[in-house]
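Written below as C-alpha cells is the structure these notes are about.
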Amino acid sequence: MHQLPELSYPYDSLEPFIDKATMELHHLKHHQTYVDKLNSALSEYPEFQNLSIEELLRDIQNLPDEVRQIVINNGGGHANHSLFWRIMSPNGARKPKGDLADAIESTFGGFEEFKKQFSEKAMNVFGSGWAFLIKNPNGTISLKRHSFQNSPLMYGNTPILGLDLWEHAYYLKYQNRRGDYIAAWWNVVDWDKVSELFLEK
Ligand code: MN3
C-alpha cells in the first residue's frame, strides 16, 4: 500500500509564501486522494503492489491497459507531490552549491538565469501541470514541463525539482496570479534537498 508521506515541517511554516490553508488542503486532501486512488487501482493487481512508485512509473508500459492511465494520473500525482513537499522547507539553503551549482552554471549560465528560464517555463504551462528540473540518464540537467500529473520518471528522467502549477496549489492565496506564486515559491525551495536528489540519483 502506498502511503501519504509526512511533511518534515508544519503546515504554517512556509508562510507567507505558501499559506497554511493551502498546504493543509493540498497535502491532506489532494495528495491523499491520489494515494487512495492509486491503491484502489492496484488492489486487483497484487503483482504490482510491492513496487515502489518510482518503479511503477519507470516501467509504466508493463502495467495492464485497464489500469495504466489511472496509475499515470494518480501514481504520477503521488510521486510529483512527494517530490514537491521534499524540496521545500522553511529554512534550507536558498541557492545551490557544489556540483549542482556547477551544473546549473554550465547549463543555464548561472542561478539567476536558471530561475528566469524555469519561471518562464512554469508560466507557460497551459492549464494544469508541472515544471521540473530533471536529471537525464547521462547526468546532465534540463528543464521540462508536463501536463496533468505526468511524471518525468515515465520518460526515463529523474525529477530533482518540481513546481505544482495546478490552481489548487495557489488559488486560495494568489487566485489567478500564477506569476506571484512562482516568484514567492523560490523563497521556500530547499536547495540542500535538491542537491541531495541530484547527487543520489
Ligand atoms: Mn497539487
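To be explicit about the labels: the chains of the C-alpha cells are called A, B, and onward in the order shown, and within each one the residues are counted from 1, while ligands get numbers from 1 in the order they are shown.
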
Mind listing the helix (DSSP H, G or I) residues of segment 5-191 of chain A, per DSSP on the backbone, as an MDAnalysis selection string?
-> chainID A and resid 11:14 20:42 46:48 53:58 60:62 65:86 98:108 111:123 152:155 167:169 171:174 178:188 191

Counting only C-alpha atoms, what is within 9 Å of Leu153 of chain A, bar same-chain residues fewer than 4 positions away, as JSON, numbers by chain?
-> {"A": [54, 55, 57, 58, 59, 76, 157, 158, 159]}

Looking only at strand (DSSP E or B) from DSSP on the backbone, list the matching residues of segment 38-172 of chain A as a list of chain:residue names.
-> A:Met88, A:Gly129, A:Trp130, A:Ala131, A:Phe132, A:Leu133, A:Ile134, A:Lys135, A:Ile141, A:Ser142, A:Leu143, A:Lys144, A:Arg145, A:His146, A:Ser147, A:Thr158, A:Pro159, A:Ile160, A:Leu161, A:Gly162, A:Leu163, A:Asp164

Written file, previous selection with C-alpha atoms, as a PDB file, in the first residue's frame:
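For reference, part27.pdb as written:
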ATOM      1  CA  MET A  88      10.599  22.828   0.157  1.00  0.00           C
ATOM      2  CA  GLY A 129       0.671  20.684 -14.950  1.00  0.00           C
ATOM      3  CA  TRP A 130       4.168  20.895 -13.546  1.00  0.00           C
ATOM      4  CA  ALA A 131       7.540  22.455 -14.281  1.00  0.00           C
ATOM      5  CA  PHE A 132      10.558  20.316 -13.460  1.00  0.00           C
ATOM      6  CA  LEU A 133      14.308  20.389 -13.326  1.00  0.00           C
ATOM      7  CA  ILE A 134      15.280  16.895 -14.350  1.00  0.00           C
ATOM      8  CA  LYS A 135      18.404  14.820 -14.312  1.00  0.00           C
ATOM      9  CA  ILE A 141      20.179  18.551 -16.217  1.00  0.00           C
ATOM     10  CA  SER A 142      17.411  20.270 -18.132  1.00  0.00           C
ATOM     11  CA  LEU A 143      14.024  21.912 -17.803  1.00  0.00           C
ATOM     12  CA  LYS A 144      10.854  20.019 -18.593  1.00  0.00           C
ATOM     13  CA  ARG A 145       7.169  20.680 -18.301  1.00  0.00           C
ATOM     14  CA  HIS A 146       4.453  18.091 -18.170  1.00  0.00           C
ATOM     15  CA  SER A 147       0.682  18.326 -18.316  1.00  0.00           C
ATOM     16  CA  THR A 158      14.642  11.847 -12.703  1.00  0.00           C
ATOM     17  CA  PRO A 159      12.956  14.980 -11.396  1.00  0.00           C
ATOM     18  CA  ILE A 160      15.050  16.821  -8.793  1.00  0.00           C
ATOM     19  CA  LEU A 161      12.930  19.973  -8.529  1.00  0.00           C
ATOM     20  CA  GLY A 162       9.231  20.313  -9.297  1.00  0.00           C
ATOM     21  CA  LEU A 163       6.691  23.104  -9.122  1.00  0.00           C
ATOM     22  CA  ASP A 164       2.989  22.300  -8.945  1.00  0.00           C
TER      23      ASP A 164
END

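Proximity to Asp99 of chain A at 9 Å, evaluated using only C-alpha atoms and with sequence-adjacent residues fewer than 6 positions away removed, yields Ser195, Phe198 and Leu199 of chain A.
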
Store the residues picked out above, limited to C-alpha atoms, as a PDB file, in the first residue's frame.
ATOM      1  CA  SER A 195      21.375  18.811  -4.232  1.00  0.00           C
ATOM      2  CA  PHE A 198      20.963  15.489  -7.829  1.00  0.00           C
ATOM      3  CA  LEU A 199      23.781  13.526  -6.195  1.00  0.00           C
TER       4      LEU A 199
END

Mind giving me the straight-line distance from atom CA of Gln69 of chain A to atom CA of Leu38 of chain A in Å, one decimal?
-> 10.5 Å

Give as a PyMOL selection string the residues surrounding ligand 1 up to a distance of 7 Å, considering only C-alpha atoms and all ligand atoms.
-> chain A and resi 26+30-31+81+164+166+168-169

Between A:Pro46, A:Gly98, A:Gly156, A:Pro16, single out the one closest to Glu196 of chain A, counting only C-alpha atoms.
-> A:Gly98

Ser40 of chain A surroundings by only C-alpha atoms, 12 Å radius, close-in-sequence under 2 positions cut, as a VMD selection string = chain A and resid 1 to 2 33 to 38 42 to 46 49 67 70 to 71 74 to 75

Best match for closeness to Tyr181 of chain A among A:Leu63, A:Glu112, A:Phe17, A:Ser82, counting only C-alpha atoms =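 Of the candidates, the smallest distance to Tyr181 of chain A is held by A:Phe17.
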
In terms of the shortest atom-to-atom distance over only C-alpha atoms, which of A:Asn136, A:Gln61, A:Ser89, A:Asn73 is closest to Trp186 of chain A?
->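 Going through A:Asn136, A:Gln61, A:Ser89, A:Asn73 one by one, the smallest distance to Trp186 of chain A is for A:Ser89.
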
Skip Trp191 of chain A itself and residues of its chain fewer than 4 positions away, then list as JSON, numbers by chain all residues within 8 Å of it, counting only C-alpha atoms.
-> {"A": [87, 92, 93, 94, 95, 96, 97, 195]}

Tyr171 of chain A: which residues within 12 Å, counting only C-alpha atoms, same-chain residues fewer than 4 positions away excluded, as a ChimeraX atom specification?
-> /A:18-19,21-23,25-26,164-167,175-181

Calculate how many Å separate atom CA of His78 of chain A from atom CA of Phe126 of chain A, rounding to one decimal.
-> 21.0 Å

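Minimum atom-to-atom distances from A:Leu100, A:Leu56, A:Leu197, A:Val188 to Ser13 of chain A were compared using only C-alpha atoms, and the lowest value belongs to A:Val188.
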
Between atom CA of Val189 of chain A and atom CA of Phe84 of chain A, what is the spacing in Å?
->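 If I compute the distance from atom CA of Phe84 of chain A to atom CA of Val189 of chain A, I get 9.3 Å.
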
Of the residues A:Asn187, A:Ser8, A:Gln32, A:Asn39, which is the one nearest to Arg86 of chain A, using only C-alpha atoms?
->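 The shortest atom-to-atom distance to Arg86 of chain A comes from A:Ser8.
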
Of the residues A:Leu172, A:Phe111, A:Pro90, A:Asn124, which is the one nearest to Glu24 of chain A, using only C-alpha atoms?
->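 Closest candidate: A:Leu172.
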